[in-house]
Every structure is written in structure tokens, then in C-alpha cells.
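Student: I'd like to ask you about the structure that follows.
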Amino acid sequence: MRFRSPLTYPILPILLIGLAGAGSAASAQHTRFEGEIGVGGTSTWGDNDEAKFLEYRDLEDGFLGDFRFLVEGDDEQLFLRGSGLNLGGDDERYALEAGRYGHFGASFFLRELPHIFSIDARSLYEVEGGDRYRLPTGVQTRIAGAGAPSAQLENELAAALEVDNEFRWLETGGEFDLYLNEITRIYGSYRLQDKRGSRSQAIDWGTPGGNFVVFPLTVDEKIHEVRAGGELLLGSHVLALEYTGSFFENEARSATVDNPLVAADSPAATSRGRLALAPDNSAHSLALSGSARLPFDFPARASASLVYGVRLQDESFLPHTINETIASPGLTLPQEHLDGEVHTLLGNLVVSVDPTPDLDLDLRYRVYRYDNRSDEILFPEHVTNDAPLATGARRSVANDYSVHKASIDAGYALSRRLTGHLGYSWEFWDRSSDRQVQNLHEHGPRAKLDYRLSPSTSLALGYAFLTRDGDGYDPFAYFDATLDADGRDEARRFGELPGLRKFDQADRNLHRFDFLSRSRLAEWLEFSLAGGLDVSDYRNSSFGLTEEHAWNIGGEAYLRPTSRVGIGLFYDFEASRSELDSRWRPRSFFVPPPGEIVAIDDPSNDWSSRTRAYFHTLGWQCDVTLIPERLELWFGYDFHYGRERTTASGIAGLVPAAPPTTAGDGGFAENFPEIEEKLHTFRAGLDLRLSETTSILAE
């Protein structure tokens, strides 16, 4: 299925008639009118089995159109402008604006975008009531009762029909702008985002390692955003106050899904599962901002803003499980809803100073505070993925954190051709005690040289170094905050690998190099070249991401062999490489005391993976003037190629200290399938200018 706007085909002829009428009216009233109308189409060929390139695009065959127009009054004060893009496609856009320059204005927009997840997805599920995903009669019984359930499931899927796995993202809204007097402006806006369709969603049953399925979740979500504010323009000083409100609505509260491997409920297994979906919520913020010239004899200016926000969520809780065979007094919910409340504070300060003609200084500071005042709730018992019952108590945690960022940069003209820049940046995270690292600092210097070899040639070289350090890494911090004493002891035996480090909280050294060169080699030839290199070393990470390298280089050239022909060429190359170390930890159920689970930690079970990816993008475009100031032709071609591969390796052998029933991984680490992407695009257009204000564009 493809989403097609019912407005598309009626709007196009109306707009064409409107443009013609506007042109006639403009002539009669001596107003100024200009506009363009474009008519074209798209055609695709080849194997389109990769949906990623289509994800936010409409590449269906068919006709497309676009237009733009501007009508202005005699005094060039009143205006009306409009535009449309990709008329007839699933990604069409419209905009209309009217008003009087410097006095008032109002605008309206409408645009839609297809979000395609897959073009050949299959599913056994049928949707009932918008939130119930049922297997057809007999399917669940046949799969659950089969001697080889996986083989039976594969047979059932082979006969399943393709399903839609995309949604339409519609945005519409408008805004107004009004100057009450020379120094006072008020404004407001409203925007609606409407998403409808389906997307892939996974659900699993039982403890991690159990079975799971992916089903097409029905999407019906809306976001309403309102904004209102005012400004005072006091010469070189500006003061502004603004309110923003965002309201999220989800028509579905939950999703109930049949389990293909279980036909009847039991305390250890369930025939269906239930997921809670994103709850309705709202966010409100009040922002005060201003800027002013500082009272110095040289150029100096300061800008500051302070934003206070409140986020609210009060959706009712779902029961712990939909499995009716699991019953326990400890599953009674301690309260009906979260009573979620988060307060945020964002502050920014920027000071720019030029004390001498050769020196400029820039100072910046930013602080963000996330204050979670939601209830922390103790659940005496719970159910893991609808089976089985877990009797250990768990507590919800209201995470808090603060982020501080500061930087200083100085630029100095060392000579007529050479300018040097020096800077230093600092970032500090202060997290609540349930996070692995509470206090994290990242800081370092940066330098840049701008050299102008000639009026038409310049070169810029830059280097930055950042080091990140935490005050210790506690891999069990989250378990300590959420579990009871028995649960904490169990987590220490076979929970998170103690040496594992999350990459965003791990100690790291980062080196960054970049360069940019621009040159006009001749009147008919311009050229630019740019590149960069990032080298990251997670120096204290025994397991997890340990190294990361990324580099890129690219160039553009524009040639004009004659006054009527221009040729543009470009090429970009991007590559990355990452190293990750981990350990397989088999669990033994046969060591004293009876029934206690122990994870076997041994270097014999270490393994590593390496991911390499590279992307090539190249293309050209030719512009030809067929008739000077009347007719222009352009055509071009783009090619994108990407490749990604992850390889893994391990150490062969058994775990020396394990019971006889627990073996090592044998070193048989699996490589991931290679991912390869290709995209060819050919473009062409013809622009006929009928007069100074009217042209026709075909592409």
C-alpha cells in the first residue's frame, strides 16, 4: 500500500488556475508577480530489495510537479508567496505566506513524508480492534504442537501474505507575526505531526534467551505543539519571552500478541504477551532570552537564555502480566499510575569580544539540569515477559543528571595571510547514584591555522584532543539501586560482566584532525578538498568498545570550459573501524549450594569483533545555456556505494574450572553477514524563462 494524499490531484489544477489569475490581477493592478511551474516525473529500475534508500523518499514511477510564486504590491510592502514541491508524490510539500513587510505576517504549511521500513515484509498476524494481534485459526496450535516448531513456523511464514511496514508522517500548521510598534513584536504558532500506518515491533516471552517475534505494530500517534512569545527590540538590546507546549497522543495504550510456540497458558509459559506502548504525555517550557552590547570601547556583545521546563505523564499502569494462571498477592500494583514529573533547567551564556582588530575572543557556558521528581515505586513481585513469576522485589529509579559545558576560543591574526585559533573546552556530567559513573569530566585543547596563500586560495588545518575521565566505574550500580539484597547478590554472581564498560561513560582519549582547502586555479576552474581523522582509545575498557577510528576525504571541482557550459564534479569517501572485546559466560546450575546459578568467568571464553565500514559517493552535473537568458538545460548523475562487515574471533578450548556439563565456546565466533548498498540517481531539467518574472521548469 502507498499513502496518497487526497489533496494532491485537486490542488494542482487549482494552483495552476490561481497562478494564471494572479498574473492577470498583477497586470491589472500594476503589482509585481513572478513565479515558476515545474512538471516532470520519476522512473526507477533495477532490484529495489533494499528499503533503506527508500526510507524517507518516494521513488514510485509517475508524474511530479512543483511551483513557486510571489505577488507584491505597488509599494513592495504587501506580499503573497507560495510554493509546492513533489506534487503527486508521497512526499509533497506546500507553503503559503502573506503579510506586510516589517508589520505583520501569517503562514501555513502542509507536508507529508513516507517512512518505509520494509518493502517485502511478511507476517502471520491479523489485527483485531487496533491493539490485538492474533494468529489465524489453527496456526498457533499447529506450530506449538509440532515436533519441530521452527520448521513448522517457517512453513507457515512461507504462505503468509506481505504486509505494510510503513507509515505516513503528515505535518501541518501555521504561524503569525505582528509588530505592535517599532520595538514590540508578538508571535505564535501551531504545528501538528500525525503518524499513521505500521512499523516493526518485537516482543519476547520468558527470561532473556526465550522466544520472540516481530509483528507489524499499528501506529496512530499525534504531537500538538503550540508556541507563543514576544520580543522587545531596544536598539542594540533584545529581550524575549516564549512559551512552548508539546502534547503527545497515542491512540493505542498496549499491544497484545499471540505466542506462536505456546497454545495454552501455564505458570511457566503464556499463549500471548502484552506490551505497554508510549504513553500520552506533555511538556511545557518558558524561555527568557536576551542580548546586549557591552559597555566597552571595542566591539563586545553578550547573549543569554534561561529555559525552565516541566514534563508530565500520568498514564495508568498495566497489570504485571496478561497470563491469568500466574496469581500472587505480591503482583498487586502499589499505585495506579506513575505520577511522572520532570523539571528541566537550561541556561546558555555567550560573550564575544574583539579587543583589538587582530584579536577576537569567544566564551561560552551551558548548563542543563534534569530533575526527575517522579515517584520511586517498590514492586514486591513481578513477572518477566509474562512468564514466570519472580518473587524478588524491585524498585523503579528516577534518574537525575546535570551537564555543564564551557569553552573559550581566541583568534589572532599572526600576519596578513595567517590567522591562528586556540581554544579549550570542558564538559562535566553529574549523574545519580544508579548510574555506573556519577562524575565524568571531558576536556582538552584545540588549535586551528587559516592560511591564505593568495586571494583565491586558502588552507585550514585543525587539531583537537579530548580526554574523558570518570571517578570510578561501578558495574552493579543499577542493580544496587533497583534490587533487594538477594537480587543484588545474584546480580554479582552472573549479572553484568564486571570489566564491561559502556562507551558513553568509559574513559577515553580522542584525537581529531581535519583540513580544508579552497582554490580558484583559473577563471574557469574552482576546486576544494576536505578531510578528517578521528582516533578514539577507550583506554581503561577491558571489555566493550576498545578502539574506534573514522576518517573521510572528499573534493569538489567546478569547470567552465565555455561561457555556456559548466561542469561540477564531486567525490566523498568515508570509512570507520571499531574493535570490541567481550566474554562468553556459561552458567552452571550444578555447583553447591543446590540450585544456585554461577557464571563461569575464564579468559578461554574471550572473543573479539571488528567492524569495518566504508562509503563512496560520487557524481557530476552539467549546466548548459542553450539560449542566453532564455533556455537552460542541466543533467547529472550520482552514485552511492556502501559496505559494512563485522568479523569475530575467539580462543578455542574448554573452561578449566567448569563442571563436566559446561563447555567453553570452542572459539567458534560467528561473522555477521556483509551488508552492501548501491544507489544510482540520474537527474535532468530544462528551464524556459518566458519573461523576467515567469519561467517554466521541467525536471
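In the C-alpha cells, the first chain shown is A, the next is B, and so on; residue numbers restart at 1 for each chain, and ligands run from 1 in the order shown.
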Write out as a CSV table (one decimal) with C-alpha atoms, in the first residue's frame the residues lying within 6 Å of Leu110 of chain A, counting only C-alpha atoms and excluding same-chain residues fewer than 3 positions away.
Tutor:
chain,number,residue,atom,x,y,z
A,93,ARG,CA,5.0,19.9,0.4
A,94,TYR,CA,3.0,23.1,0.3
A,171,GLU,CA,2.9,17.8,9.3
A,172,THR,CA,0.8,20.9,9.1
Student: Taking the backbone alone, and naming residues the way the document does, which bits of segment 331-384 of chain A are strand (DSSP E) by DSSP, as a ChimeraX atom specification?
Tutor: /A:340-356,359-372,378-379,382-383
Student: Only N, CA and C atoms, please: the residues just picked out, written as a CSV table (one decimal), in the first residue's frame.
Tutor:
chain,number,residue,atom,x,y,z
A,340,GLY,N,4.3,10.8,36.9
A,340,GLY,CA,5.6,11.2,36.4
A,340,GLY,C,5.7,12.8,36.3
A,341,GLU,N,6.8,13.3,36.8
A,341,GLU,CA,7.0,14.7,36.8
A,341,GLU,C,8.5,15.0,36.7
A,342,VAL,N,8.9,15.7,35.7
A,342,VAL,CA,10.3,16.0,35.5
A,342,VAL,C,10.5,17.5,35.3
A,343,HIS,N,11.4,18.1,36.0
A,343,HIS,CA,11.7,19.5,35.8
A,343,HIS,C,13.0,19.7,35.2
A,344,THR,N,13.1,20.6,34.2
A,344,THR,CA,14.4,20.8,33.5
A,344,THR,C,14.8,22.3,33.6
A,345,LEU,N,16.1,22.5,33.5
A,345,LEU,CA,16.6,23.9,33.5
A,345,LEU,C,17.7,23.9,32.5
A,346,LEU,N,17.6,24.9,31.6
A,346,LEU,CA,18.7,25.0,30.6
A,346,LEU,C,19.1,26.5,30.5
A,347,GLY,N,20.4,26.7,30.7
A,347,GLY,CA,21.0,28.0,30.6
A,347,GLY,C,22.1,28.1,29.7
A,348,ASN,N,22.2,29.2,28.9
A,348,ASN,CA,23.2,29.5,28.0
A,348,ASN,C,23.8,30.9,28.1
A,349,LEU,N,25.1,31.0,28.0
A,349,LEU,CA,25.7,32.4,28.0
A,349,LEU,C,26.8,32.4,27.0
A,350,VAL,N,26.8,33.4,26.1
A,350,VAL,CA,27.8,33.6,25.1
A,350,VAL,C,28.3,35.0,25.2
A,351,VAL,N,29.6,35.2,25.2
A,351,VAL,CA,30.2,36.5,25.2
A,351,VAL,C,31.2,36.6,24.1
A,352,SER,N,31.1,37.5,23.2
A,352,SER,CA,32.0,37.7,22.1
A,352,SER,C,32.7,39.1,22.2
A,353,VAL,N,34.0,39.1,22.2
A,353,VAL,CA,34.8,40.3,22.4
A,353,VAL,C,35.9,40.4,21.3
A,354,ASP,N,36.0,41.6,20.8
A,354,ASP,CA,37.1,41.9,19.8
A,354,ASP,C,37.9,43.1,20.4
A,355,PRO,N,38.8,42.9,21.3
A,355,PRO,CA,39.5,44.0,22.0
A,355,PRO,C,40.5,44.7,21.0
A,356,THR,N,41.0,44.0,20.0
A,356,THR,CA,41.8,44.7,19.0
A,356,THR,C,41.4,44.2,17.6
A,359,LEU,N,42.5,40.6,17.2
A,359,LEU,CA,42.2,39.6,18.3
A,359,LEU,C,40.7,39.5,18.5
A,360,ASP,N,40.2,38.3,18.5
A,360,ASP,CA,38.7,38.1,18.9
A,360,ASP,C,38.7,36.9,19.9
A,361,LEU,N,37.8,37.1,20.9
A,361,LEU,CA,37.6,36.1,21.9
A,361,LEU,C,36.1,35.7,22.0
A,362,ASP,N,35.9,34.4,22.3
A,362,ASP,CA,34.6,33.9,22.3
A,362,ASP,C,34.5,33.0,23.6
A,363,LEU,N,33.6,33.3,24.5
A,363,LEU,CA,33.4,32.5,25.7
A,363,LEU,C,32.0,31.9,25.7
A,364,ARG,N,31.9,30.7,26.1
A,364,ARG,CA,30.5,30.0,26.1
A,364,ARG,C,30.4,29.2,27.3
A,365,TYR,N,29.2,29.2,27.9
A,365,TYR,CA,28.8,28.3,29.0
A,365,TYR,C,27.4,27.8,28.9
A,366,ARG,N,27.2,26.5,29.1
A,366,ARG,CA,25.9,25.9,29.0
A,366,ARG,C,25.7,25.0,30.2
A,367,VAL,N,24.5,25.0,30.8
A,367,VAL,CA,24.2,24.1,31.9
A,367,VAL,C,22.8,23.5,31.6
A,368,TYR,N,22.6,22.2,31.9
A,368,TYR,CA,21.4,21.6,31.7
A,368,TYR,C,21.1,20.7,32.9
A,369,ARG,N,20.0,20.8,33.5
A,369,ARG,CA,19.6,20.1,34.7
A,369,ARG,C,18.3,19.3,34.5
A,370,TYR,N,18.4,18.0,34.7
A,370,TYR,CA,17.3,17.1,34.5
A,370,TYR,C,16.9,16.6,35.9
A,371,ASP,N,15.8,17.1,36.5
A,371,ASP,CA,15.4,16.8,37.9
A,371,ASP,C,14.2,16.0,37.8
A,372,ASN,N,14.3,14.7,38.0
A,372,ASN,CA,13.2,13.7,37.9
A,372,ASN,C,12.5,13.6,39.3
A,378,LEU,N,8.2,0.7,44.8
A,378,LEU,CA,8.6,-0.6,45.2
A,378,LEU,C,7.6,-1.7,44.7
A,379,PHE,N,8.0,-2.6,43.9
A,379,PHE,CA,7.2,-3.7,43.4
A,379,PHE,C,7.6,-5.0,44.1
A,382,HIS,N,7.2,-9.4,40.5
A,382,HIS,CA,7.0,-9.0,39.2
A,382,HIS,C,7.0,-10.3,38.3
A,383,VAL,N,6.6,-10.1,37.0
A,383,VAL,CA,6.6,-11.2,36.0
A,383,VAL,C,7.5,-10.7,34.9
Student: Quick one: of A:Ala613, A:Ala263, A:Ile223, A:Ala413, who's nearest to Val139 of chain A, counting only C-alpha atoms?
Tutor: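 Of A:Ala613, A:Ala263, A:Ile223, A:Ala413, the one nearest Val139 of chain A is A:Ala263, counting only C-alpha atoms.
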Student: Do you have the atom CA of Gly88 of chain A-atom CA of Phe176 of chain A distance handy?
Tutor: 28.6 Å
Student: Could you make a table, as a Markdown table, of the residues of segment 499-550 of chain A that have an atom within 10 Å of an atom of segment 606-612 of chain A, each with its nearest atom pair and distance in Å to one decimal, counting only C-alpha atoms, in chain and number order?
Tutor:
| residue | atom | partner | partner_atom | distance |
| --- | --- | --- | --- | --- |
| A:Phe543 | CA | A:Ser608 | CA | 9.2 |
| A:Gly544 | CA | A:Ser608 | CA | 9.4 |
| A:Leu545 | CA | A:Ser609 | CA | 9.6 |
| A:Glu547 | CA | A:Arg610 | CA | 9.6 |
| A:Glu548 | CA | A:Thr611 | CA | 9.5 |
| A:His549 | CA | A:Arg612 | CA | 9.6 |
| A:Ala550 | CA | A:Arg612 | CA | 9.8 |
Student: Please save C-alpha atoms of the selected residues as a PDB file, in the first residue's frame.
Tutor:
ATOM      1  CA  PHE A 543      35.525  -5.349  27.581  1.00  0.00           C
ATOM      2  CA  GLY A 544      33.220  -3.386  25.341  1.00  0.00           C
ATOM      3  CA  LEU A 545      34.314  -0.874  22.722  1.00  0.00           C
ATOM      4  CA  GLU A 547      39.130   1.339  19.800  1.00  0.00           C
ATOM      5  CA  GLU A 548      37.353   3.405  17.174  1.00  0.00           C
ATOM      6  CA  HIS A 549      38.790   5.032  14.058  1.00  0.00           C
ATOM      7  CA  ALA A 550      36.947   7.119  11.458  1.00  0.00           C
TER       8      ALA A 550
END
Student: Show me, as a VMD selection string, the residues that have an atom within 8 Å of segment 96-104 of chain A when counting only C-alpha atoms, minus same-chain residues fewer than 5 positions from it.
Tutor: chain A and resid 77 to 83 109 176 to 180
Student: In Å, with one decimal, what is the gap from atom CA of Pro388 of chain A to atom CA of Thr137 of chain A?
Tutor: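 Interatomic distance here is 26.3 Å.
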Student: DSSP on the backbone, helix (DSSP H, G or I) only: what residues of segment 378-584 of chain A does that give? Format it as a PyMOL selection string.
Tutor: chain A and resi 477-482+485-494
Student: Quick one: pull the distance between atom CA of Arg518 of chain A and atom CA of Gly531 of chain A, Å, one decimal.
Tutor: 12.3 Å
Student: From the options A:Gly38, A:Tyr637, A:Arg32, A:Asn86, which residue's atoms come nearest to Glu72 of chain A, counting only C-alpha atoms?
Tutor: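 Distance minimum relative to Glu72 of chain A lands on A:Arg32.
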